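Colleague: Structure incoming, see below.
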There are 2 protein chains.
Amino acid sequence: MTNSLDLKIKKGDLLNADCPSRDILKRLLGRWSLLVLIALKQETLRFSALRRRIGGVSERMLAQTLRHMEEDGFIVRIAHDVVPPHVEYYLTPLGCEAETRVALLAEWLENNITGIMAHRQAFSAESGRHEEH
Amino acid sequence: MTNSLDLKIKKGDLLNADCPSRDILKRLLGRWSLLVLIALKQETLRFSALRRRIGGVSERMLAQTLRHMEEDGFIVRIAHDVVPPHVEYYLTPLGCEAETRVALLAEWLENNITGIMAHRQAFSAESGRHEEH
DNA sequence: CGGTATCCAAACTGATACTG
DNA sequence: CAGTATCAGTTTGGATACCG
């Protein structure tokens with residue numbers, strides 16, 4: 001059962017350019033995907049509610065992101081057949097698992113944001129005195 | 001001490017477009033930053049070694065990524081003043097912390113990659129029969 | 001060896017307008 | 001309400017050539 005195909009999907013191969021994880025990673029950690037995961041934590045939201053929740057996202061980008069996430073199995077899209085349209089999104093079990101990992105990262109980041117910003121400023125102040133970008 | 005400035009950096013505000021975390025997130029989860037974190041886990045590497053380790057990265061992108069990560073305080077760059085040049089990179093304590101969070105996500109992803117890929121194929125097979133995009 | 005400079009193609013993004 | 005279509009601006013990314 002350990003044929004050549006298994007070798008292409010072996011664990012810990014993210015550093016390999018041919019690893020398919022790269023694709024998923026790109027979508028999972030895209031600018032908006034991560035925020036969608038967090039926004040949908042524990043609750044079902046409609047398209048417009050989601051858009052209001054996630055500051056700065058355009059209709060186009062949100063729609064595209066949601067389609068990709070549905071395609072990858074992170075969220076479920078339910079379109080009720082009424083007028084006006086009523087569409088709901090919520091996380092799949094897989095999406096929930098991803099959300100917990102992403103949330104850990106996000107939480108850590110928010111707790112360390114001040115220090116990071118400070119370091120960035122100190123760094124550019126000391127080494128960027130002679131070059132402006 | 002709870003003035004208006006604190007309100008702009010309050011926790012859990014990633015969904016707000018004005019939250020500075022957005023900037024950091026963009027860099028931390030960029031295409032290559034995450035791989036650099038993983039590659040430098042527990043070891044110091046030189047530029048070219050890092051480049052060999054991370055499949056598919058160009059010199060330009062690696063250099064840019066490393067500069068950003070140094071600026072944000074995730075890595076340290078040590079340039080030994082010899083010919084030929086010898087430059088080493090390693091994680092700061094902050095970088096290590098980030099790495100553990102990122103590694104959790106990466107590990108989970110690699111363990112679930114098969115299921116995700118399968119879902120994606122099944123999804124496009126069932127709903128993409130009439131449109132090829 | 002460890003980069004930077006330049007050029008160019010492709011991808012991403014948002015504003016706007018439109019549709020069922 | 002929940003999108004899609006189109007267009008234009010910005011960013012990203014790689015190839016190549018060059019430099020200290």
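As shown in the structure tokens, the chain order sets the letters A, B, ...; within each chain, residues go from 1, and ligands are also counted from 1 in the order they appear.
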Taking 4 positions as the minimum chain separation for residues in the same chain, which residues sit within 12 Å of Ile113 in chain B when counting only C-alpha atoms (C1' of nucleotides)? Answer as a list of chain:residue names.
Modeller: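 Final neighbour list, sorted by chain and number: A:Lys8, A:Ile9, A:Lys10, A:Lys11, A:Gly12, A:Asp13, A:Leu14, A:Cys19, A:Pro20, A:Ser21, A:Arg22, A:Asp23, A:Ile24, A:Leu25, A:Leu28, A:Asp72, A:Gly73, A:Leu94, A:Ala98, B:Leu105, B:Ala106, B:Glu107, B:Trp108, B:Leu109, B:Met117, B:Ala118, B:His119, B:Arg120.
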Colleague: Those same residues, written as a PDB file, in the first residue's frame with C-alpha atoms?
Modeller:
ATOM      1  CA  LYS A   8       3.634  12.733  -2.828  1.00  0.00           C
ATOM      2  CA  ILE A   9       1.308  13.404   0.081  1.00  0.00           C
ATOM      3  CA  LYS A  10       3.579  12.565   2.941  1.00  0.00           C
ATOM      4  CA  LYS A  11       3.387  14.576   6.118  1.00  0.00           C
ATOM      5  CA  GLY A  12       5.632  17.488   6.910  1.00  0.00           C
ATOM      6  CA  ASP A  13       6.095  18.303   3.275  1.00  0.00           C
ATOM      7  CA  LEU A  14       4.919  21.882   3.332  1.00  0.00           C
ATOM      8  CA  CYS A  19       3.014  19.695  -1.786  1.00  0.00           C
ATOM      9  CA  PRO A  20      -0.697  20.268  -2.422  1.00  0.00           C
ATOM     10  CA  SER A  21      -0.958  21.859   1.011  1.00  0.00           C
ATOM     11  CA  ARG A  22       0.363  24.994  -0.597  1.00  0.00           C
ATOM     12  CA  ASP A  23      -2.873  25.472  -2.484  1.00  0.00           C
ATOM     13  CA  ILE A  24      -5.068  24.973   0.519  1.00  0.00           C
ATOM     14  CA  LEU A  25      -2.860  27.145   2.654  1.00  0.00           C
ATOM     15  CA  LEU A  28      -7.153  29.155   4.141  1.00  0.00           C
ATOM     16  CA  ASP A  72     -12.794  23.235   0.169  1.00  0.00           C
ATOM     17  CA  GLY A  73     -15.390  22.075   2.655  1.00  0.00           C
ATOM     18  CA  LEU A  94     -13.787  20.725   9.303  1.00  0.00           C
ATOM     19  CA  ALA A  98      -9.621  25.048  11.238  1.00  0.00           C
TER      20      ALA A  98
ATOM     21  CA  LEU B 105      -2.177  24.953  11.857  1.00  0.00           C
ATOM     22  CA  ALA B 106       0.257  23.513   9.337  1.00  0.00           C
ATOM     23  CA  GLU B 107       0.241  20.111  10.988  1.00  0.00           C
ATOM     24  CA  TRP B 108      -3.526  20.015  11.081  1.00  0.00           C
ATOM     25  CA  LEU B 109      -3.650  21.026   7.449  1.00  0.00           C
ATOM     26  CA  MET B 117      -8.759  17.695  -1.781  1.00  0.00           C
ATOM     27  CA  ALA B 118     -11.378  14.969  -2.047  1.00  0.00           C
ATOM     28  CA  HIS B 119     -14.128  17.379  -1.021  1.00  0.00           C
ATOM     29  CA  ARG B 120     -12.975  19.918  -3.546  1.00  0.00           C
TER      30      ARG B 120
END
Colleague: Quick one: residues within 9 Å of DC1 in chain C, only C-alpha atoms (C1' of nucleotides) counted, chain neighbours fewer than 4 positions away excluded, as a ChimeraX atom specification?
Modeller: /B:47-48,83-87
Colleague: Include N, CA, C and O atoms and write out the residues we just selected as a compact mmCIF listing (two decimals), in the first residue's frame.
Modeller:
# COMPACT_ATOMS: atom_id res chain seq x y z
N PHE B 47 21.24 32.16 4.16
CA PHE B 47 20.29 32.54 3.10
C PHE B 47 20.09 31.43 2.06
O PHE B 47 18.96 31.03 1.78
N SER B 48 21.19 30.94 1.54
CA SER B 48 21.07 29.94 0.47
C SER B 48 20.51 28.61 0.98
O SER B 48 19.78 27.92 0.27
N VAL B 83 34.62 37.61 3.57
CA VAL B 83 34.40 37.29 2.17
C VAL B 83 34.76 35.82 1.94
O VAL B 83 35.82 35.39 2.38
N PRO B 84 33.89 35.08 1.28
CA PRO B 84 32.58 35.52 0.81
C PRO B 84 31.62 35.74 1.98
O PRO B 84 31.84 35.17 3.05
N PRO B 85 30.58 36.55 1.76
CA PRO B 85 29.62 36.88 2.83
C PRO B 85 29.04 35.65 3.49
O PRO B 85 28.88 34.60 2.88
N HIS B 86 28.74 35.81 4.76
CA HIS B 86 28.13 34.72 5.53
C HIS B 86 27.04 35.33 6.40
O HIS B 86 27.34 36.02 7.36
N VAL B 87 25.80 35.05 6.04
CA VAL B 87 24.68 35.63 6.77
C VAL B 87 23.80 34.54 7.35
O VAL B 87 23.49 33.56 6.66
Colleague: Could you list, as a list in words, every residue within 12 Å of DC7 in chain D, counting only C-alpha atoms (C1' of nucleotides) and ignoring same-chain residues fewer than 3 positions away?
Modeller: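 The residues satisfying every condition are DT13, DG14, DA15, DT16 and DA17 of chain C.
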Colleague: Once you have the residues from the selection above, write them out as an mmCIF file, in the first residue's frame, restricted to N, CA, C and O atoms (P, O5', C5', C4', C3', O3' and C1' of nucleotides).
Modeller:
data_model
loop_
_atom_site.group_PDB
_atom_site.id
_atom_site.type_symbol
_atom_site.label_atom_id
_atom_site.label_comp_id
_atom_site.auth_asym_id
_atom_site.auth_seq_id
_atom_site.Cartn_x
_atom_site.Cartn_y
_atom_site.Cartn_z
ATOM 1 P P DT C 13 -6.626 39.525 -2.378
ATOM 2 O "O5'" DT C 13 -7.289 40.934 -2.619
ATOM 3 C "C5'" DT C 13 -6.524 42.003 -3.162
ATOM 4 C "C4'" DT C 13 -7.349 43.266 -3.411
ATOM 5 C "C3'" DT C 13 -8.780 43.308 -2.892
ATOM 6 O "O3'" DT C 13 -8.884 44.314 -1.876
ATOM 7 C "C1'" DT C 13 -8.630 44.037 -5.183
ATOM 8 P P DG C 14 -10.258 44.634 -1.149
ATOM 9 O "O5'" DG C 14 -10.868 45.805 -2.034
ATOM 10 C "C5'" DG C 14 -10.052 46.940 -2.295
ATOM 11 C "C4'" DG C 14 -10.787 47.918 -3.202
ATOM 12 C "C3'" DG C 14 -12.236 48.210 -2.791
ATOM 13 O "O3'" DG C 14 -12.446 49.612 -2.924
ATOM 14 C "C1'" DG C 14 -12.154 47.483 -5.048
ATOM 15 P P DA C 15 -13.770 50.266 -2.372
ATOM 16 O "O5'" DA C 15 -14.382 50.930 -3.693
ATOM 17 C "C5'" DA C 15 -13.507 51.606 -4.600
ATOM 18 C "C4'" DA C 15 -14.287 52.080 -5.816
ATOM 19 C "C3'" DA C 15 -15.742 52.497 -5.557
ATOM 20 O "O3'" DA C 15 -16.023 53.666 -6.314
ATOM 21 C "C1'" DA C 15 -15.681 50.692 -7.108
ATOM 22 P P DT C 16 -17.452 54.357 -6.183
ATOM 23 O "O5'" DT C 16 -18.250 53.787 -7.434
ATOM 24 C "C5'" DT C 16 -17.640 53.774 -8.737
ATOM 25 C "C4'" DT C 16 -18.465 52.916 -9.674
ATOM 26 C "C3'" DT C 16 -19.987 53.101 -9.549
ATOM 27 O "O3'" DT C 16 -20.476 53.719 -10.743
ATOM 28 C "C1'" DT C 16 -19.351 50.808 -9.826
ATOM 29 P P DA C 17 -22.074 54.063 -10.851
ATOM 30 O "O5'" DA C 17 -22.609 52.857 -11.739
ATOM 31 C "C5'" DA C 17 -21.834 52.402 -12.863
ATOM 32 C "C4'" DA C 17 -22.445 51.103 -13.383
ATOM 33 C "C3'" DA C 17 -23.985 51.110 -13.401
ATOM 34 O "O3'" DA C 17 -24.447 50.656 -14.676
ATOM 35 C "C1'" DA C 17 -23.170 49.190 -12.286
#
Colleague: Run DSSP on the backbone and give me the residues of chain A it puts in strand (DSSP E or B), as a list of chain:residue names.
Modeller: A:Leu45, A:Arg46, A:Ile75, A:Val76, A:Arg77, A:Ile78, A:Ala79, A:His80, A:His86, A:Val87, A:Glu88, A:Tyr89, A:Tyr90, A:Leu91
Colleague: Write out as a ChimeraX atom specification the residues lying within 12 Å of Pro93 in chain A, counting only C-alpha atoms (C1' of nucleotides) and excluding same-chain residues fewer than 5 positions away.
Modeller: /A:37,41-42,73-76,98-100
Colleague: Show me which bits of chain C are within 12 Å of chain B, counting only C-alpha atoms (C1' of nucleotides), as a compact mmCIF listing (two decimals) with all heavy atoms, in the first residue's frame.
Modeller:
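Just written: selection06.txt:
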# COMPACT_ATOMS: atom_id res chain seq x y z
P DC C 1 28.09 29.56 -2.62
OP1 DC C 1 27.83 28.52 -1.63
OP2 DC C 1 27.30 29.59 -3.82
O5' DC C 1 27.93 30.92 -1.84
C5' DC C 1 28.72 31.07 -0.66
C4' DC C 1 28.30 32.37 -0.04
O4' DC C 1 28.73 33.46 -0.91
C3' DC C 1 26.78 32.51 0.12
O3' DC C 1 26.55 32.92 1.45
C2' DC C 1 26.37 33.57 -0.90
C1' DC C 1 27.66 34.35 -1.13
N1 DC C 1 27.82 34.86 -2.53
C2 DC C 1 28.04 36.22 -2.73
O2 DC C 1 28.06 36.98 -1.78
N3 DC C 1 28.21 36.66 -4.00
C4 DC C 1 28.18 35.82 -5.02
N4 DC C 1 28.37 36.30 -6.25
C5 DC C 1 27.96 34.41 -4.83
C6 DC C 1 27.78 33.98 -3.58
P DG C 2 25.11 32.92 2.10
OP1 DG C 2 25.26 32.83 3.56
OP2 DG C 2 24.29 31.94 1.36
O5' DG C 2 24.58 34.38 1.76
C5' DG C 2 25.28 35.49 2.30
C4' DG C 2 24.73 36.75 1.72
O4' DG C 2 25.11 36.86 0.33
C3' DG C 2 23.18 36.82 1.70
O3' DG C 2 22.77 38.12 2.10
C2' DG C 2 22.83 36.56 0.25
C1' DG C 2 23.99 37.24 -0.42
N9 DG C 2 24.21 36.90 -1.82
C8 DG C 2 24.02 35.69 -2.44
N7 DG C 2 24.29 35.72 -3.71
C5 DG C 2 24.68 37.04 -3.96
C6 DG C 2 25.09 37.67 -5.16
O6 DG C 2 25.20 37.19 -6.29
N1 DG C 2 25.40 39.02 -4.96
C2 DG C 2 25.33 39.67 -3.75
N2 DG C 2 25.67 40.96 -3.73
N3 DG C 2 24.95 39.08 -2.61
C4 DG C 2 24.64 37.77 -2.79
P DG C 3 21.28 38.33 2.68
OP1 DG C 3 21.13 39.73 3.15
OP2 DG C 3 21.02 37.22 3.59
O5' DG C 3 20.33 38.12 1.38
C5' DG C 3 19.72 39.22 0.77
C4' DG C 3 20.70 40.06 -0.03
O4' DG C 3 21.38 39.22 -0.98
C3' DG C 3 20.02 41.10 -0.87
O3' DG C 3 19.87 42.29 -0.11
C2' DG C 3 20.97 41.31 -2.04
C1' DG C 3 21.83 40.05 -2.04
N9 DG C 3 21.73 39.26 -3.27
C8 DG C 3 21.34 37.95 -3.40
N7 DG C 3 21.38 37.51 -4.63
C5 DG C 3 21.84 38.60 -5.36
C6 DG C 3 22.12 38.73 -6.75
O6 DG C 3 21.99 37.88 -7.64
N1 DG C 3 22.56 40.02 -7.08
C2 DG C 3 22.72 41.04 -6.17
N2 DG C 3 23.16 42.20 -6.66
N3 DG C 3 22.50 40.93 -4.87
C4 DG C 3 22.06 39.70 -4.53
P DT C 4 18.63 43.18 -0.42
OP1 DT C 4 18.53 44.14 0.70
OP2 DT C 4 17.53 42.29 -0.76
O5' DT C 4 19.03 43.99 -1.74
C5' DT C 4 20.14 44.89 -1.73
C4' DT C 4 20.30 45.45 -3.14
O4' DT C 4 20.55 44.37 -4.07
C3' DT C 4 19.07 46.18 -3.66
O3' DT C 4 19.49 47.41 -4.24
C2' DT C 4 18.48 45.23 -4.68
C1' DT C 4 19.71 44.49 -5.18
N1 DT C 4 19.45 43.11 -5.67
C2 DT C 4 19.70 42.81 -6.99
O2 DT C 4 20.11 43.63 -7.79
N3 DT C 4 19.45 41.49 -7.33
C4 DT C 4 18.99 40.48 -6.51
O4 DT C 4 18.81 39.36 -6.95
C5 DT C 4 18.74 40.87 -5.14
C7 DT C 4 18.24 39.87 -4.17
C6 DT C 4 18.98 42.15 -4.79
P DA C 5 18.43 48.41 -4.82
OP1 DA C 5 19.01 49.76 -4.63
OP2 DA C 5 17.10 48.10 -4.24
O5' DA C 5 18.40 48.09 -6.38
C5' DA C 5 19.61 48.12 -7.15
C4' DA C 5 19.27 48.18 -8.64
O4' DA C 5 19.08 46.83 -9.14
C3' DA C 5 18.00 48.94 -8.98
O3' DA C 5 18.20 49.64 -10.20
C2' DA C 5 16.95 47.83 -9.12
C1' DA C 5 17.77 46.65 -9.64
N9 DA C 5 17.31 45.34 -9.17
C8 DA C 5 16.94 45.00 -7.89
N7 DA C 5 16.60 43.74 -7.75
C5 DA C 5 16.76 43.21 -9.03
C6 DA C 5 16.56 41.92 -9.55
N6 DA C 5 16.15 40.88 -8.82
N1 DA C 5 16.81 41.72 -10.86
C2 DA C 5 17.23 42.76 -11.59
N3 DA C 5 17.45 44.03 -11.21
C4 DA C 5 17.20 44.18 -9.90
Colleague: Which residues of chain B have any atom within 6 Å of an atom in chain A when counting only C-alpha atoms, and what is the closest pair of atoms for each, with the distance in Å to one decimal? Order the rows by chain and rising number and write it as CSV.
Modeller:
residue,atom,partner,partner_atom,distance
B:Leu15,CA,A:Ile54,CA,5.0
B:Asn16,CA,A:Gly55,CA,4.9
B:Ala17,CA,A:Gly55,CA,4.4
B:Ile54,CA,A:Leu15,CA,5.0
B:Gly55,CA,A:Ala17,CA,4.4
B:Gly56,CA,A:Ala17,CA,5.3
B:Glu71,CA,A:Arg120,CA,5.2
B:Asp72,CA,A:Arg120,CA,5.0
B:Arg101,CA,A:Leu105,CA,5.4
B:Leu105,CA,A:Arg101,CA,5.4
B:Glu110,CA,A:Lys11,CA,6.0
B:Ile116,CA,A:Asp72,CA,5.6
B:Arg120,CA,A:Asp72,CA,5.0
B:Phe123,CA,A:Glu71,CA,6.0
Colleague: Include C-alpha atoms and write out the residues we just selected as a PDB file, in the first residue's frame.
Modeller:
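File out.pdb, as written:
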ATOM      1  CA  LEU B  15     -12.857  41.846  12.330  1.00  0.00           C
ATOM      2  CA  ASN B  16     -12.529  45.604  12.456  1.00  0.00           C
ATOM      3  CA  ALA B  17     -10.911  47.041   9.345  1.00  0.00           C
ATOM      4  CA  ILE B  54      11.849  26.293   0.973  1.00  0.00           C
ATOM      5  CA  GLY B  55      10.891  24.871  -2.371  1.00  0.00           C
ATOM      6  CA  GLY B  56       9.921  27.323  -5.061  1.00  0.00           C
ATOM      7  CA  GLU B  71      11.407  44.332  10.831  1.00  0.00           C
ATOM      8  CA  ASP B  72       8.494  42.817  12.721  1.00  0.00           C
ATOM      9  CA  ARG B 101       0.897  28.521  16.543  1.00  0.00           C
ATOM     10  CA  LEU B 105      -2.177  24.953  11.857  1.00  0.00           C
ATOM     11  CA  GLU B 110      -1.241  18.323   6.374  1.00  0.00           C
ATOM     12  CA  ILE B 116     -10.007  18.570   1.660  1.00  0.00           C
ATOM     13  CA  ARG B 120     -12.975  19.918  -3.546  1.00  0.00           C
ATOM     14  CA  PHE B 123     -17.824  19.559  -5.094  1.00  0.00           C
TER      15      PHE B 123
END
Colleague: I need the alpha helix (DSSP H) residues of chain A per DSSP on the backbone, written as number ranges by chain.
Modeller: A: 4-7, 21-28, 33-39, 47-53, 59-71, 93-127
Colleague: If you count only C-alpha atoms (C1' of nucleotides), which residues fall within 12 Å of DT6 in chain C, apart from same-chain ones fewer than 2 positions away, as a list in words?
Modeller: DT4 and DC8 of chain C; DA15, DT16, DA17 and DC18 of chain D
Colleague: Suppose we keep C-alpha atoms (C1' of nucleotides); can you now write the selection as a PDB file, in the first residue's frame?
Modeller:
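Contents of part-v4.pdb, as written:
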ATOM      1  C1'  DT C   4      19.708  44.489  -5.178  1.00  0.00           C
ATOM      2  C1'  DC C   8       7.298  42.558 -17.103  1.00  0.00           C
TER       3       DC C   8
ATOM      4  C1'  DA D  15      13.476  35.892 -14.605  1.00  0.00           C
ATOM      5  C1'  DT D  16      17.367  38.045 -15.523  1.00  0.00           C
ATOM      6  C1'  DA D  17      21.276  40.762 -14.854  1.00  0.00           C
ATOM      7  C1'  DC D  18      24.291  42.902 -11.973  1.00  0.00           C
TER       8       DC D  18
END
Colleague: Counting only C-alpha atoms (C1' of nucleotides), which residues of chain D come no farther than 10 Å from chain A, as a list in words?
Modeller: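 Selected residues: DC1, DA2, DG3 and DT4 of chain D.
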Colleague: What does the distance from CA of Ala49 in chain B to CA of Arg27 in chain A come to in Å, to one decimal?
Modeller: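 For CA of Ala49 in chain B relative to CA of Arg27 in chain A, the distance reads 27.5 Å.
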Colleague: One decimal, in Å: what's the spacing between CA of Leu45 in chain A and CA of Ala125 in chain B?
Modeller: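 Computed distance, CA of Leu45 in chain A to CA of Ala125 in chain B, equals 26.6 Å.
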Colleague: Nearest to DG20 in chain C: which of A:Thr65, A:Cys96, A:Asp81, A:Leu40 is it, counting only C-alpha atoms (C1' of nucleotides)?
Modeller: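 Closest to DG20 in chain C, using only C-alpha atoms (C1' of nucleotides): A:Asp81.
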Colleague: Write out as a list in words which residues come within 12 Å of DA9 in chain C when counting only C-alpha atoms (C1' of nucleotides), dropping same-chain ones fewer than 3 positions away.
Modeller: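 Counting only C-alpha atoms (C1' of nucleotides), the residues come to DT12, DG13, DG14 and DA15 of chain D.
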Colleague: In Å to one decimal, how far is C1' of DT11 in chain D from C1' of DC12 in chain C?
Modeller: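 Taking C1' of DC12 in chain C and C1' of DT11 in chain D, their separation equals 7.1 Å.
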